[in-house]
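The structure appears below as structure tokens.
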Amino acid sequence: MRAAVAFVAALLLLTAAAADAGWQQARASGATARAYAIRVVVPNQLGAETPTVTAPEDSVVFGGSFDYNKLVTSGSVNASASAAGGPSATATASAEVDDLSLFGGEITAKSVVAQAHAEARAGAAKGNIAGSAVTELMALGQPVTGNTLQLADWGSLTSVAGAATGSPATGYRGSVTALEIRLTADHGGLPAGTTILVGYAEVAAQAAPPEPAVQVPRASKGKAGQSPKAPEPTPGLPPVQQPPDITPKLTAGGYVFPVYGPSSFADTFGALRGDVSGGWHHGDDIFAPLGAPLLAVASGTVFSVGWNRVGGNRLWLRDGQGNLFYYAHLSAFSPLAVNGSKVNAGDVVGFVGNTGDAEGTPFHLHFEIHPVALLGLGYDGAVNPTSYLLAWKHLQDVSFAGGDAWAPLHSIGNAPMPGAILLAATDISTADGLVPGSLQRAIRPLIVRPDNFSAKKRRSGSS
């Protein structure tokens, strides 16, 4: 028992030291984020954990099932982290686990989600853990209704436990553990002192002081025959890394173009960017009308549905081979855009917009491809999508006459409020973009009979 207690004490000290180190890094860089899906800590034994993602440098990891000695099992697991420093610093972290089962079904949950967000600017700092939840949590055959529960005589359960500190001067720091199991006695083959953490997200943000105004001198003409001196690199921006110059084969086929209807795009992969995207453009921008349907390019699983400062409304898709696809700047999501949702190629997952740092630009989809072989490079494992987009099937164009609008269904952190409210529409997410005429039938204007005055009023937006 003394050895177990000593181990736990040492673990807590190491965890606190790591957290303090992370906080010091956050103070230096302006913002950090960290998340993982599952961690099993066993005294004097080798435990197990899913990969931890950290930011700066936006990162995401997505995996299939998790299994620790048949005692801790789950379906899909994923985690994402994004952070950006500066006078207006933000950080977002999330972790999600589906179909969790502990100790052969003694504890189960349909989904476990941990989300944390922080933001700071001059004179203000705030954050939250909104969106963190455990759904359909069962323990010892009974639904769990509170945040804490004693597990017979062998342990305890705590759900959605958060901690936060901060002030305008020091910034904001917060974390959340969606589900925590602690063993006070040996159980199921695990010793007393074992801790099982499911869904962890941590964020920190502190605003940098505003940069002083700089007097820009007039350009010097230089001496005769000499060119003016090139400007020095801008302080504070990350060095520009060389984008991968490869186009690995994804699969034998089955992919479709991500935008339904009229669109246009050009090869802008690798173009210089002075923002948090690593200094270069990680994808292509596909320009299309506001609200044009966005299609799943392959059959797979949707994850990391939500909002961040750069991508706005965004989501990720993982195909059956493990390749990842990133959709950003959406105006809204379809009902299929839910973490863990299984979709088929051609399903409608969202709609074209210009949210995030694309606000004020023409409506477009920012689209990226991250082949499974390059996932070890993190966010910089993106490849030029142009040749893939040109090869994928373009579906039949349709006209989007009418005034329907879609309000976002998901948001993380301080996402803007919806700019439009849907008054009446047919749910086109049930349509299949690969079936000829399917989307045309779904968006066909409603036929209102003259005697159906109330329906006509709803259609026109009258009160």
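Residues are named by chain letter and number: chains run A, B, ... in the order of the structure tokens, numbers start at 1 in each chain, and ligands are numbered from 1 in the order shown.
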Would you mind listing what lies within 6 Å of Val297 (chain A) as an mmCIF file with C-alpha atoms, in the first residue's frame, with only C-alpha atoms counted and same-chain residues fewer than 4 positions away left out?
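Final output, result08.cif:
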data_model
loop_
_atom_site.group_PDB
_atom_site.id
_atom_site.type_symbol
_atom_site.label_atom_id
_atom_site.label_comp_id
_atom_site.auth_asym_id
_atom_site.auth_seq_id
_atom_site.Cartn_x
_atom_site.Cartn_y
_atom_site.Cartn_z
ATOM 1 C CA TYR A 255 -13.854 9.336 -54.266
ATOM 2 C CA VAL A 256 -16.081 12.212 -55.365
ATOM 3 C CA PRO A 258 -16.357 17.696 -52.394
ATOM 4 C CA ALA A 345 -19.301 9.017 -50.410
#
> If you run DSSP on this backbone, which residues of region 9-203 of chain A come out as alpha helix (DSSP H), and could you give them as a list in words?
Replying inline: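 Written out, the alpha helix (DSSP H) residues of region 9-203 of chain A are Ala9, Ala10, Leu11, Leu12, Leu13, Leu14, Thr15, Ala16, Ala17, Ala18, Ala19, Asp20, Ala21, Gly22, Trp23, Gln24, Gln25, Ala26, Arg27, Ala28 and Ser29 of chain A.
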>> What's around region 298-315 of chain A at 8 Å? Count only C-alpha atoms, leave out sequence neighbours fewer than 4 positions away in its own chain, and write the answer as a VMD selection string.
In response: chain A and resid 78 to 80 82 90 92 94 254 to 256 276 319 to 320 326 to 333 337 to 346 354 to 358 410 to 413 415
Just N, CA and C atoms for this one: save the residues we selected as a compact mmCIF listing (two decimals), in the first residue's frame.
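Writing done, so here's selection.txt:
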# COMPACT_ATOMS: atom_id res chain seq x y z
N ASN A 78 -10.61 10.11 -30.81
CA ASN A 78 -9.92 11.17 -31.52
C ASN A 78 -9.69 12.35 -30.61
N ALA A 79 -8.75 13.19 -30.99
CA ALA A 79 -8.41 14.37 -30.20
C ALA A 79 -7.88 15.44 -31.14
N SER A 80 -8.12 16.70 -30.80
CA SER A 80 -7.63 17.81 -31.61
C SER A 80 -7.23 18.96 -30.71
N SER A 82 -5.80 23.26 -31.08
CA SER A 82 -5.39 24.41 -31.87
C SER A 82 -5.14 25.58 -30.94
N THR A 90 -6.03 32.65 -28.55
CA THR A 90 -7.10 31.67 -28.39
C THR A 90 -6.50 30.27 -28.34
N THR A 92 -8.07 26.00 -28.21
CA THR A 92 -9.19 25.06 -28.17
C THR A 92 -8.64 23.64 -28.18
N SER A 94 -10.03 19.35 -27.72
CA SER A 94 -11.16 18.45 -27.59
C SER A 94 -10.70 17.00 -27.72
N GLY A 254 -13.52 5.38 -55.69
CA GLY A 254 -14.58 5.63 -54.73
C GLY A 254 -14.66 7.03 -54.21
N TYR A 255 -13.85 7.96 -54.75
CA TYR A 255 -13.85 9.34 -54.27
C TYR A 255 -14.71 10.22 -55.18
N VAL A 256 -15.28 11.26 -54.61
CA VAL A 256 -16.08 12.21 -55.37
C VAL A 256 -15.63 13.63 -55.04
N VAL A 276 -1.46 31.39 -38.73
CA VAL A 276 -1.08 30.27 -37.88
C VAL A 276 -1.07 28.95 -38.63
N ASP A 319 -11.38 8.31 -44.11
CA ASP A 319 -11.90 7.23 -44.94
C ASP A 319 -11.49 5.88 -44.38
N GLY A 320 -11.91 4.80 -45.03
CA GLY A 320 -11.65 3.47 -44.51
C GLY A 320 -10.19 3.08 -44.52
N TYR A 326 -9.93 17.54 -44.68
CA TYR A 326 -10.30 18.69 -43.85
C TYR A 326 -11.17 19.65 -44.65
N TYR A 327 -12.33 20.02 -44.08
CA TYR A 327 -13.26 20.98 -44.69
C TYR A 327 -13.34 22.20 -43.76
N ALA A 328 -13.12 23.41 -44.29
CA ALA A 328 -13.14 24.61 -43.46
C ALA A 328 -13.96 25.72 -44.08
N HIS A 329 -14.36 26.68 -43.24
CA HIS A 329 -15.11 27.89 -43.60
C HIS A 329 -16.57 27.60 -43.94
N LEU A 330 -17.14 26.52 -43.42
CA LEU A 330 -18.52 26.16 -43.73
C LEU A 330 -19.49 27.21 -43.19
N SER A 331 -20.57 27.43 -43.91
CA SER A 331 -21.63 28.29 -43.39
C SER A 331 -22.48 27.55 -42.37
N ALA A 332 -22.57 26.22 -42.53
CA ALA A 332 -23.39 25.41 -41.63
C ALA A 332 -23.06 23.94 -41.85
N PHE A 333 -23.53 23.11 -40.93
CA PHE A 333 -23.36 21.66 -41.02
C PHE A 333 -24.70 21.01 -41.34
N ALA A 337 -23.35 15.73 -39.89
CA ALA A 337 -22.06 16.18 -39.39
C ALA A 337 -22.04 16.12 -37.86
N VAL A 338 -21.93 14.92 -37.35
CA VAL A 338 -21.87 14.66 -35.91
C VAL A 338 -20.65 13.80 -35.65
N ASN A 339 -19.91 14.10 -34.60
CA ASN A 339 -18.72 13.32 -34.29
C ASN A 339 -19.04 11.83 -34.22
N GLY A 340 -18.27 11.05 -34.97
CA GLY A 340 -18.48 9.61 -34.99
C GLY A 340 -19.48 9.14 -36.00
N SER A 341 -20.11 10.05 -36.74
CA SER A 341 -21.12 9.66 -37.72
C SER A 341 -20.48 8.95 -38.91
N LYS A 342 -21.09 7.83 -39.31
CA LYS A 342 -20.64 7.10 -40.48
C LYS A 342 -21.36 7.66 -41.72
N VAL A 343 -20.60 8.03 -42.73
CA VAL A 343 -21.20 8.61 -43.93
C VAL A 343 -20.71 7.84 -45.15
N ASN A 344 -21.46 7.96 -46.23
CA ASN A 344 -21.09 7.37 -47.51
C ASN A 344 -20.59 8.45 -48.45
N ALA A 345 -19.76 8.06 -49.40
CA ALA A 345 -19.30 9.02 -50.41
C ALA A 345 -20.51 9.64 -51.09
N GLY A 346 -20.54 10.98 -51.16
CA GLY A 346 -21.65 11.68 -51.77
C GLY A 346 -22.66 12.21 -50.78
N ASN A 354 -18.02 31.32 -45.55
CA ASN A 354 -16.75 32.04 -45.39
C ASN A 354 -16.51 32.37 -43.93
N THR A 355 -16.76 31.42 -43.04
CA THR A 355 -16.57 31.64 -41.60
C THR A 355 -15.09 31.56 -41.23
N GLY A 356 -14.77 31.94 -40.00
CA GLY A 356 -13.38 31.94 -39.54
C GLY A 356 -12.60 33.09 -40.11
N ASP A 357 -11.33 32.85 -40.44
CA ASP A 357 -10.52 33.95 -40.96
C ASP A 357 -10.81 34.23 -42.44
N ALA A 358 -11.80 33.52 -43.02
CA ALA A 358 -12.22 33.81 -44.39
C ALA A 358 -13.34 34.84 -44.45
N HIS A 410 -23.63 23.04 -34.75
CA HIS A 410 -22.59 22.75 -33.79
C HIS A 410 -21.71 23.97 -33.65
N SER A 411 -21.13 24.16 -32.45
CA SER A 411 -20.14 25.22 -32.28
C SER A 411 -19.27 24.88 -31.10
N ILE A 412 -18.05 25.38 -31.10
CA ILE A 412 -17.11 25.19 -30.00
C ILE A 412 -16.61 26.56 -29.59
N GLY A 413 -16.52 26.78 -28.28
CA GLY A 413 -15.93 28.03 -27.80
C GLY A 413 -16.80 29.22 -28.12
N ALA A 415 -17.83 30.63 -30.91
CA ALA A 415 -18.28 30.71 -32.30
C ALA A 415 -19.37 31.77 -32.43
>> Neighbouring residues of region 46-53 of chain A were defined as those with any atom within 9 Å, considering only C-alpha atoms; residues of the same chain fewer than 5 positions away were excluded. Please report them as number ranges by chain.
In response: A: 33-41, 58-61, 63, 66, 68, 77-81, 93
> Quick one, how far is CA of Gly350 (chain A) from CA of Leu365 (chain A)?
Replying inline: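 The value is 10.2 Å.
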>> Using only C-alpha atoms, which protein or nucleic acid residues come within 8 Å of Gly174 (chain A)? Drop anything in the same chain fewer than 6 positions from it, and give the result as number ranges by chain.
In response: A: 116-118, 127-128, 162-165, 202-204
>> When you look at region 371-382 of chain A with a cut-off of 8 Å (counting only C-alpha atoms), what residues show up, excluding the ones that are within fewer than 3 positions of it in the same chain? I need them as a PyMOL selection string.
In response: chain A and resi 57-60+243-244+248+250+278+282-283+321-324+368
> What's the 9 Å shell around Ser76 (chain A), counting only C-alpha atoms, without same-chain residues fewer than 6 positions away, as a ChimeraX atom specification?
Replying inline: /A:62-66,96-99,340
Once you have the residues from the selection above, write them out as a CSV table (one decimal), in the first residue's frame, restricted to N, CA and C atoms.
chain,number,residue,atom,x,y,z
A,62,PHE,N,-6.8,10.7,-35.0
A,62,PHE,CA,-8.0,9.9,-35.1
A,62,PHE,C,-7.7,8.5,-35.2
A,63,GLY,N,-8.3,7.7,-34.3
A,63,GLY,CA,-8.0,6.2,-34.3
A,63,GLY,C,-9.2,5.4,-34.2
A,64,GLY,N,-9.0,4.1,-34.5
A,64,GLY,CA,-10.1,3.2,-34.4
A,64,GLY,C,-10.3,2.7,-32.9
A,65,SER,N,-10.6,1.4,-32.8
A,65,SER,CA,-10.9,0.9,-31.4
A,65,SER,C,-9.7,0.9,-30.5
A,66,PHE,N,-9.9,1.0,-29.2
A,66,PHE,CA,-8.9,1.0,-28.2
A,66,PHE,C,-9.2,-0.2,-27.3
A,96,GLU,N,-12.6,12.9,-27.9
A,96,GLU,CA,-13.9,12.2,-28.1
A,96,GLU,C,-13.7,10.7,-28.1
A,97,VAL,N,-14.6,10.0,-27.4
A,97,VAL,CA,-14.5,8.6,-27.3
A,97,VAL,C,-15.9,8.0,-27.5
A,98,ASP,N,-16.1,7.0,-28.4
A,98,ASP,CA,-17.4,6.4,-28.6
A,98,ASP,C,-17.4,5.0,-28.1
A,99,ASP,N,-18.6,4.5,-27.6
A,99,ASP,CA,-18.8,3.2,-27.2
A,99,ASP,C,-17.8,2.7,-26.2
A,340,GLY,N,-18.3,11.1,-35.0
A,340,GLY,CA,-18.5,9.6,-35.0
A,340,GLY,C,-19.5,9.1,-36.0
> Got a sec to tell me which of region 255-321 of chain A DSSP assigns to strand (DSSP E), as a list of chain:residue names?
Replying inline: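 Matching residues, listed in order: A:Ser264, A:Phe265, A:Asp284, A:Asp285, A:Ile286, A:Phe287, A:Pro293, A:Leu294, A:Leu295, A:Gly300, A:Thr301, A:Val302, A:Phe303, A:Ser304, A:Val305, A:Gly306, A:Trp307, A:Asn308, A:Gly312, A:Asn313, A:Arg314, A:Leu315, A:Trp316, A:Leu317, A:Arg318, A:Asp319.
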